[in-house]
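With mmCIF, C-alpha atoms and all ligand atoms inside, this is work03.cif:
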data_target
#
loop_
_atom_site.group_PDB
_atom_site.id
_atom_site.type_symbol
_atom_site.label_atom_id
_atom_site.label_comp_id
_atom_site.auth_asym_id
_atom_site.auth_seq_id
_atom_site.Cartn_x
_atom_site.Cartn_y
_atom_site.Cartn_z
ATOM 1 C CA MET E 212 6.417 -45.242 -121.604
ATOM 2 C CA ARG E 213 4.111 -45.182 -118.612
ATOM 3 C CA GLN E 214 0.573 -44.185 -119.493
ATOM 4 C CA LYS E 215 -0.642 -41.027 -117.799
ATOM 5 C CA LEU E 216 -3.897 -41.652 -115.916
ATOM 6 C CA PRO E 217 -6.695 -39.081 -116.204
ATOM 7 C CA PRO E 218 -7.494 -37.174 -112.985
ATOM 8 C CA PRO E 219 -10.264 -38.765 -110.880
ATOM 9 C CA LEU E 220 -13.727 -37.673 -111.978
ATOM 10 C CA MET E 221 -15.235 -35.021 -109.750
ATOM 11 C CA SER E 222 -18.966 -34.519 -109.842
ATOM 12 C CA ALA E 223 -20.069 -30.965 -110.753
ATOM 13 C CA CYS E 224 -22.787 -31.330 -108.147
ATOM 14 C CA ILE E 225 -21.440 -32.535 -104.824
ATOM 15 C CA LEU E 226 -24.799 -32.822 -103.111
ATOM 16 C CA ARG E 227 -28.269 -33.444 -104.465
ATOM 17 C CA LEU E 228 -31.352 -33.852 -102.274
ATOM 18 C CA ARG E 229 -34.621 -34.824 -103.889
ATOM 19 C CA GLY E 230 -37.888 -34.749 -101.969
ATOM 20 C CA VAL E 231 -36.102 -35.223 -98.651
ATOM 21 C CA THR E 232 -38.428 -35.594 -95.682
ATOM 22 C CA LYS E 233 -37.336 -36.341 -92.136
ATOM 23 C CA ARG E 234 -39.747 -37.297 -89.366
ATOM 24 C CA PHE E 235 -38.854 -38.011 -85.766
ATOM 25 C CA LEU E 236 -40.903 -40.034 -83.338
ATOM 26 C CA ALA E 237 -40.977 -38.119 -80.084
ATOM 27 C CA PRO E 238 -42.915 -38.819 -76.861
ATOM 28 C CA GLY E 239 -45.386 -36.032 -77.742
ATOM 29 C CA GLY E 240 -46.003 -37.473 -81.240
ATOM 30 C CA ALA E 241 -44.280 -37.404 -84.630
ATOM 31 C CA VAL E 242 -42.347 -34.286 -85.643
ATOM 32 C CA THR E 243 -41.752 -33.445 -89.287
ATOM 33 C CA ALA E 244 -38.398 -31.661 -89.282
ATOM 34 C CA LEU E 245 -37.946 -31.592 -93.090
ATOM 35 C CA GLU E 246 -40.653 -31.769 -95.732
ATOM 36 C CA GLY E 247 -39.920 -32.461 -99.410
ATOM 37 C CA VAL E 248 -36.599 -30.612 -99.573
ATOM 38 C CA ASP E 249 -35.010 -30.348 -103.025
ATOM 39 C CA LEU E 250 -31.485 -28.953 -103.029
ATOM 40 C CA GLU E 251 -28.494 -29.064 -105.335
ATOM 41 C CA VAL E 252 -25.108 -27.815 -104.195
ATOM 42 C CA ALA E 253 -22.438 -27.390 -106.858
ATOM 43 C CA THR E 254 -18.876 -28.454 -106.125
ATOM 44 C CA GLY E 255 -17.005 -25.456 -104.732
ATOM 45 C CA GLU E 256 -20.129 -23.487 -103.771
ATOM 46 C CA PHE E 257 -20.532 -21.521 -100.534
ATOM 47 C CA VAL E 258 -24.147 -21.870 -99.406
ATOM 48 C CA ALA E 259 -25.631 -20.367 -96.252
ATOM 49 C CA ILE E 260 -28.825 -21.548 -94.559
ATOM 50 C CA THR E 261 -30.874 -19.440 -92.200
ATOM 51 C CA GLY E 262 -34.297 -19.855 -90.651
ATOM 52 C CA PRO E 263 -36.098 -19.647 -87.311
ATOM 53 C CA SER E 264 -35.251 -21.918 -84.398
ATOM 54 C CA GLY E 265 -36.792 -25.346 -84.944
ATOM 55 C CA SER E 266 -37.156 -24.865 -88.703
ATOM 56 C CA GLY E 267 -34.973 -27.894 -89.496
ATOM 57 C CA LYS E 268 -31.506 -26.413 -90.167
ATOM 58 C CA THR E 269 -29.535 -28.857 -88.007
ATOM 59 C CA THR E 270 -31.611 -31.756 -89.280
ATOM 60 C CA LEU E 271 -30.865 -30.713 -92.863
ATOM 61 C CA LEU E 272 -27.106 -30.644 -92.197
ATOM 62 C CA HIS E 273 -27.150 -34.040 -90.468
ATOM 63 C CA VAL E 274 -29.129 -35.629 -93.288
ATOM 64 C CA ALA E 275 -26.980 -33.954 -95.976
ATOM 65 C CA CYS E 276 -23.815 -35.159 -94.187
ATOM 66 C CA LEU E 277 -25.187 -38.731 -94.223
ATOM 67 C CA LEU E 278 -25.306 -38.959 -90.437
ATOM 68 C CA GLU E 279 -29.014 -39.753 -90.433
ATOM 69 C CA PRO E 280 -31.067 -41.318 -93.202
ATOM 70 C CA PRO E 281 -34.048 -39.383 -94.529
ATOM 71 C CA THR E 282 -37.521 -40.820 -93.870
ATOM 72 C CA ALA E 283 -38.295 -40.316 -97.566
ATOM 73 C CA GLY E 284 -36.492 -38.911 -100.584
ATOM 74 C CA GLU E 285 -33.054 -39.401 -102.096
ATOM 75 C CA ILE E 286 -29.577 -38.088 -101.447
ATOM 76 C CA GLU E 287 -26.711 -38.224 -103.909
ATOM 77 C CA PHE E 288 -23.254 -37.375 -102.661
ATOM 78 C CA ASP E 289 -20.518 -36.674 -105.202
ATOM 79 C CA GLY E 290 -22.517 -38.395 -107.933
ATOM 80 C CA GLU E 291 -23.273 -41.495 -105.847
ATOM 81 C CA SER E 292 -26.708 -42.478 -104.560
ATOM 82 C CA THR E 293 -26.452 -43.075 -100.813
ATOM 83 C CA ALA E 294 -29.715 -44.931 -100.153
ATOM 84 C CA ARG E 295 -28.264 -48.439 -100.293
ATOM 85 C CA LEU E 296 -24.863 -47.821 -98.741
ATOM 86 C CA SER E 297 -24.093 -49.803 -95.590
ATOM 87 C CA GLU E 298 -23.329 -47.955 -92.353
ATOM 88 C CA ARG E 299 -19.669 -48.916 -92.864
ATOM 89 C CA ARG E 300 -19.538 -47.413 -96.359
ATOM 90 C CA LEU E 301 -21.314 -44.292 -95.125
ATOM 91 C CA ALA E 302 -18.800 -43.895 -92.289
ATOM 92 C CA ALA E 303 -15.916 -44.265 -94.753
ATOM 93 C CA LEU E 304 -17.493 -41.712 -97.104
ATOM 94 C CA ARG E 305 -17.999 -39.251 -94.268
ATOM 95 C CA GLY E 306 -14.422 -39.748 -93.062
ATOM 96 C CA ARG E 307 -12.916 -39.186 -96.497
ATOM 97 C CA LYS E 308 -15.105 -36.433 -97.881
ATOM 98 C CA ILE E 309 -17.217 -34.694 -95.246
ATOM 99 C CA GLY E 310 -16.391 -32.462 -92.292
ATOM 100 C CA LEU E 311 -19.150 -31.414 -89.899
ATOM 101 C CA VAL E 312 -18.931 -28.781 -87.198
ATOM 102 C CA PHE E 313 -21.762 -29.740 -84.838
ATOM 103 C CA GLN E 314 -23.977 -27.096 -83.247
ATOM 104 C CA LYS E 315 -23.438 -28.873 -79.912
ATOM 105 C CA PHE E 316 -19.710 -29.446 -80.641
ATOM 106 C CA CYS E 317 -19.819 -33.213 -79.849
ATOM 107 C CA LEU E 318 -16.365 -33.312 -78.259
ATOM 108 C CA LEU E 319 -15.020 -36.190 -76.190
ATOM 109 C CA PRO E 320 -15.212 -34.485 -72.775
ATOM 110 C CA HIS E 321 -12.462 -36.486 -71.039
ATOM 111 C CA ARG E 322 -9.995 -36.321 -73.924
ATOM 112 C CA SER E 323 -7.549 -33.477 -74.494
ATOM 113 C CA VAL E 324 -7.965 -30.749 -77.089
ATOM 114 C CA LEU E 325 -5.341 -32.365 -79.331
ATOM 115 C CA GLU E 326 -6.880 -35.848 -78.987
ATOM 116 C CA ASN E 327 -10.267 -34.435 -79.946
ATOM 117 C CA VAL E 328 -8.844 -32.949 -83.130
ATOM 118 C CA LEU E 329 -6.906 -36.129 -83.949
ATOM 119 C CA PHE E 330 -10.245 -37.954 -83.795
ATOM 120 C CA ARG E 331 -10.852 -36.550 -87.300
ATOM 121 C CA PHE E 332 -8.401 -39.180 -88.603
ATOM 122 C CA ARG E 333 -9.869 -42.117 -86.730
ATOM 123 C CA TYR E 334 -11.719 -43.746 -89.620
ATOM 124 C CA ILE E 335 -9.280 -42.940 -92.412
ATOM 125 C CA PRO E 336 -5.855 -44.341 -93.232
ATOM 126 C CA HIS E 337 -3.260 -41.776 -92.189
ATOM 127 C CA ASP E 338 0.328 -41.178 -91.212
ATOM 128 C CA ALA E 339 0.415 -40.418 -87.471
ATOM 129 C CA GLN E 340 3.083 -37.704 -87.706
ATOM 130 C CA GLU E 341 1.383 -35.948 -90.596
ATOM 131 C CA ALA E 342 -1.982 -36.136 -88.789
ATOM 132 C CA ARG E 343 -0.407 -34.532 -85.724
ATOM 133 C CA ARG E 344 1.134 -31.788 -87.854
ATOM 134 C CA GLN E 345 -2.239 -31.032 -89.466
ATOM 135 C CA ALA E 346 -4.059 -31.124 -86.110
ATOM 136 C CA LEU E 347 -1.556 -28.657 -84.620
ATOM 137 C CA ALA E 348 -1.889 -26.361 -87.641
ATOM 138 C CA ALA E 349 -5.703 -26.425 -87.371
ATOM 139 C CA LEU E 350 -5.536 -25.643 -83.645
ATOM 140 C CA ALA E 351 -3.149 -22.761 -84.327
ATOM 141 C CA ALA E 352 -5.550 -21.434 -86.982
ATOM 142 C CA VAL E 353 -8.305 -21.132 -84.352
ATOM 143 C CA GLY E 354 -5.903 -19.760 -81.695
ATOM 144 C CA LEU E 355 -5.831 -22.809 -79.412
ATOM 145 C CA GLN E 356 -2.173 -23.778 -79.717
ATOM 146 C CA ASP E 357 -1.707 -23.171 -75.963
ATOM 147 C CA ARG E 358 -4.493 -25.488 -74.864
ATOM 148 C CA LEU E 359 -3.346 -28.778 -76.425
ATOM 149 C CA ASP E 360 -3.438 -30.918 -73.255
ATOM 150 C CA HIS E 361 -6.492 -29.301 -71.691
ATOM 151 C CA PRO E 362 -9.383 -31.774 -71.165
ATOM 152 C CA ALA E 363 -12.266 -30.719 -73.411
ATOM 153 C CA ARG E 364 -14.754 -30.677 -70.536
ATOM 154 C CA LEU E 365 -12.852 -27.822 -68.852
ATOM 155 C CA LEU E 366 -12.918 -25.508 -71.890
ATOM 156 C CA SER E 367 -15.154 -22.463 -72.219
ATOM 157 C CA GLY E 368 -18.056 -22.639 -74.709
ATOM 158 C CA GLY E 369 -16.169 -20.569 -77.280
ATOM 159 C CA GLU E 370 -13.049 -22.724 -76.892
ATOM 160 C CA MET E 371 -15.121 -25.900 -77.363
ATOM 161 C CA GLN E 372 -16.563 -24.410 -80.512
ATOM 162 C CA ARG E 373 -13.086 -23.663 -81.831
ATOM 163 C CA VAL E 374 -11.931 -27.244 -81.101
ATOM 164 C CA ALA E 375 -14.945 -28.511 -83.068
ATOM 165 C CA ILE E 376 -13.919 -26.276 -85.967
ATOM 166 C CA ALA E 377 -10.273 -27.347 -85.779
ATOM 167 C CA ARG E 378 -11.354 -31.007 -85.849
ATOM 168 C CA ALA E 379 -13.129 -30.437 -89.171
ATOM 169 C CA LEU E 380 -10.272 -28.329 -90.584
ATOM 170 C CA ALA E 381 -7.496 -30.754 -89.642
ATOM 171 C CA ARG E 382 -8.176 -32.736 -92.767
ATOM 172 C CA PRO E 383 -9.887 -30.508 -95.326
ATOM 173 C CA PRO E 384 -12.982 -32.337 -96.594
ATOM 174 C CA ARG E 385 -14.730 -32.053 -99.972
ATOM 175 C CA LEU E 386 -17.797 -30.718 -98.154
ATOM 176 C CA LEU E 387 -17.605 -28.774 -94.926
ATOM 177 C CA ALA E 388 -20.933 -28.359 -93.140
ATOM 178 C CA ALA E 389 -20.889 -26.030 -90.152
ATOM 179 C CA ASP E 390 -23.827 -25.475 -87.809
ATOM 180 C CA GLU E 391 -23.715 -21.955 -86.352
ATOM 181 C CA PRO E 392 -19.901 -22.167 -86.023
ATOM 182 C CA THR E 393 -19.613 -18.653 -84.590
ATOM 183 C CA GLY E 394 -22.595 -18.897 -82.207
ATOM 184 C CA ASN E 395 -20.396 -18.795 -79.086
ATOM 185 C CA LEU E 396 -17.566 -16.611 -80.341
ATOM 186 C CA ASP E 397 -16.666 -12.962 -79.864
ATOM 187 C CA ARG E 398 -16.171 -10.765 -82.909
ATOM 188 C CA ALA E 399 -12.426 -11.364 -83.232
ATOM 189 C CA ALA E 400 -12.703 -15.165 -82.955
ATOM 190 C CA ALA E 401 -15.691 -15.168 -85.338
ATOM 191 C CA GLY E 402 -13.594 -13.166 -87.820
ATOM 192 C CA GLY E 403 -10.847 -15.808 -87.591
ATOM 193 C CA VAL E 404 -13.345 -18.590 -88.310
ATOM 194 C CA MET E 405 -14.728 -16.609 -91.236
ATOM 195 C CA SER E 406 -11.256 -16.255 -92.775
ATOM 196 C CA CYS E 407 -10.644 -20.007 -92.343
ATOM 197 C CA LEU E 408 -13.917 -20.806 -94.135
ATOM 198 C CA GLN E 409 -13.187 -18.364 -96.955
ATOM 199 C CA GLN E 410 -9.670 -19.744 -97.391
ATOM 200 C CA LEU E 411 -10.992 -23.304 -97.510
ATOM 201 C CA ASN E 412 -13.649 -22.332 -100.032
ATOM 202 C CA ARG E 413 -11.030 -20.650 -102.237
ATOM 203 C CA SER E 414 -9.046 -23.891 -102.165
ATOM 204 C CA GLY E 415 -12.096 -25.725 -103.584
ATOM 205 C CA VAL E 416 -13.924 -26.976 -100.471
ATOM 206 C CA THR E 417 -17.714 -26.744 -100.741
ATOM 207 C CA ILE E 418 -19.229 -25.011 -97.720
ATOM 208 C CA LEU E 419 -22.717 -25.532 -96.323
ATOM 209 C CA LEU E 420 -23.208 -23.196 -93.420
ATOM 210 C CA VAL E 421 -26.013 -22.578 -90.953
ATOM 211 C CA THR E 422 -25.592 -19.107 -89.542
ATOM 212 C CA HIS E 423 -27.314 -15.930 -88.436
ATOM 213 C CA ASN E 424 -24.058 -13.968 -88.451
ATOM 214 C CA ALA E 425 -24.464 -11.145 -91.003
ATOM 215 C CA ALA E 426 -20.759 -11.059 -91.907
ATOM 216 C CA LEU E 427 -20.697 -14.805 -92.561
ATOM 217 C CA LEU E 428 -23.888 -14.580 -94.598
ATOM 218 C CA ASP E 429 -22.125 -12.025 -96.779
ATOM 219 C CA CYS E 430 -19.436 -14.611 -97.627
ATOM 220 C CA ALA E 431 -22.011 -16.951 -99.116
ATOM 221 C CA ALA E 432 -22.742 -16.904 -102.825
ATOM 222 C CA ARG E 433 -26.215 -18.356 -102.171
ATOM 223 C CA ARG E 434 -28.581 -18.132 -99.217
ATOM 224 C CA LEU E 435 -31.396 -20.493 -98.405
ATOM 225 C CA THR E 436 -34.121 -20.061 -95.829
ATOM 226 C CA LEU E 437 -35.829 -22.929 -94.039
ATOM 227 C CA ARG E 438 -39.317 -22.443 -92.634
ATOM 228 C CA ASP E 439 -41.181 -25.285 -90.974
ATOM 229 C CA GLY E 440 -38.912 -27.816 -92.670
ATOM 230 C CA ARG E 441 -39.363 -26.423 -96.168
ATOM 231 C CA LEU E 442 -36.864 -24.492 -98.240
ATOM 232 C CA ALA E 443 -38.488 -21.120 -98.690
ATOM 233 C CA THR E 444 -35.935 -19.159 -100.703
ATOM 234 C CA ASP E 445 -33.191 -20.101 -103.096
ATOM 235 C CA SER E 446 -31.614 -16.885 -104.341
HETATM 236 N N1 LIG R 501 -33.950 -36.460 -82.553
HETATM 237 C C1 LIG R 501 -35.083 -35.770 -82.556
HETATM 238 N N2 LIG R 501 -36.221 -36.301 -82.028
HETATM 239 C C2 LIG R 501 -37.374 -35.590 -82.049
HETATM 240 N N3 LIG R 501 -37.515 -34.357 -82.563
HETATM 241 C C3 LIG R 501 -36.420 -33.792 -83.091
HETATM 242 C C4 LIG R 501 -35.161 -34.452 -83.119
HETATM 243 N N4 LIG R 501 -34.252 -33.641 -83.713
HETATM 244 C C5 LIG R 501 -34.923 -32.511 -84.054
HETATM 245 N N5 LIG R 501 -36.231 -32.596 -83.680
HETATM 246 C C6 LIG R 501 -37.273 -31.603 -83.913
HETATM 247 O O1 LIG R 501 -37.206 -31.253 -85.286
HETATM 248 C C7 LIG R 501 -37.402 -29.855 -85.476
HETATM 249 C C8 LIG R 501 -36.201 -29.264 -86.206
HETATM 250 O O2 LIG R 501 -35.076 -29.324 -85.324
HETATM 251 P P1 LIG R 501 -33.657 -28.723 -85.745
HETATM 252 O O3 LIG R 501 -32.719 -29.031 -84.638
HETATM 253 O O4 LIG R 501 -33.313 -29.231 -87.089
HETATM 254 O O5 LIG R 501 -33.978 -27.153 -85.815
HETATM 255 P P2 LIG R 501 -32.992 -25.922 -86.044
HETATM 256 O O6 LIG R 501 -33.538 -25.121 -87.169
HETATM 257 O O7 LIG R 501 -31.600 -26.390 -86.151
HETATM 258 O O8 LIG R 501 -33.188 -25.097 -84.700
HETATM 259 P P3 LIG R 501 -32.132 -24.175 -83.877
HETATM 260 O O9 LIG R 501 -31.997 -22.877 -84.652
HETATM 261 O O10 LIG R 501 -32.834 -23.948 -82.561
HETATM 262 O O11 LIG R 501 -30.839 -24.905 -83.746
HETATM 263 C C9 LIG R 501 -37.628 -29.272 -84.090
HETATM 264 O O12 LIG R 501 -39.020 -29.139 -83.891
HETATM 265 C C10 LIG R 501 -37.032 -30.302 -83.156
HETATM 266 O O13 LIG R 501 -37.699 -30.301 -81.925
HETATM 267 MG MG MG R 502 -29.913 -26.164 -85.005
#
Would you mind writing the file out in structure tokens?
Amino acid sequence: MRQKLPPPLMSACILRLRGVTKRFLAPGGAVTALEGVDLEVATGEFVAITGPSGSGKTTLLHVACLLEPPTAGEIEFDGESTARLSERRLAALRGRKIGLVFQKFCLLPHRSVLENVLFRFRYIPHDAQEARRQALAALAAVGLQDRLDHPARLLSGGEMQRVAIARALARPPRLLAADEPTGNLDRAAAGGVMSCLQQLNRSGVTILLVTHNAALLDCAARRLTLRDGRLATDS
């Protein structure tokens, strides 16, 4: 009889930051964007981050999504310390487990809407037909099914934002980080994005969201506030 394998272990805490500091060297001098941030996010949580402009929200998402290393401190992702992982391993980890909706969208301007969304699969093994099916479903979910061949550079700001969201949704990650994902959207489109996030969260995806949208904040089980690079509230 074939032995039944146990399900893969899933860490109860998907993200753990300890004493995370991030400094940038800029022409005007060093900037401390994050200072000694401690944060634990449980698997399946929906956490919202607010804070004034320049308080470090985008930097926190980029560091938490392993796009940029912290200057000091430690980050564990899904039970694994990330400090010594090579850039290749980090890229693989991001591709398999993390989806990030960038504040500035980060689309490929000369590629079509569909190609931009298919980019989500670039660093992970996939079946081309299945990837296309998922990309089309994600674009339909954000109402862009009629813009598939449109070059990204010719889209409106709100449409670009929805492509960025569809790219993250096309392959549901373990952690979805979204940086002001409704910043350029009207109420109806923002409502659609909110339903997508809630649906994903119900299916077990952990959400880390930077937003000032009151309705989206209401979806979050926990809200954090960043001030001058420090986490001020954890309620
Ligand atoms: N690559 C960089 N080089 C130099 N300084 C940077 C860099 N990235 C961010 N900063 C600085 O770090 C601080 C935090 O920036 P960050 O983008 O994280 O703020 P934010 O809270 O997301 O702001 P906003 O609400 O305006 O998007 C700011 O003072 C910013 O100027
Ligand atoms: Mg920002």
*Protein and nucleic acid residues within 12 Å of ligand LIG 501 (chain R) (only C-alpha atoms and all ligand atoms) as a ChimeraX atom specification*: /E:232-246,260-275,278-279,313-315,389-392,394,420-423,436-442
*Using the chain letters and numbers from the file, which residues does the PyMOL selection byres (((chain E and resi 434) around 7) and not hetatm) grab, as a ChimeraX atom specification?*
/E:258-260,431-433,435-436,445-446
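Selection result for the displayed file, with the PyMOL selection byres (((chain E and resi 430) around 12) and not hetatm) as criterion, is Glu256, Phe257, Val258, Ala259, Gly402, Val404, Met405, Ser406, Cys407, Leu408, Gln409, Gln410, Asn412, Arg413, Ile418, Leu419, Leu420, Thr422, Asn424, Ala425, Ala426, Leu427, Leu428, Asp429, Ala431, Ala432, Arg433 and Arg434 of chain E.
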Size and centre in Å, one decimal, axis-aligned box, all listed stretch 379-382 of chain E atoms plus 8 Å per side, as JSON:
{"center_x": -10.3, "center_y": -30.5, "center_z": -91.0, "size_x": 21.6, "size_y": 20.4, "size_z": 19.6}
*asked:* Selection in question (the file shown): the PyMOL selection byres (((chain E and resi 352-364) around 7) and not hetatm). Which residues does it include, as an MDAnalysis selection string?
replied: chainID E and resid 318:325 347:351 365:366 371 373 377 403:404
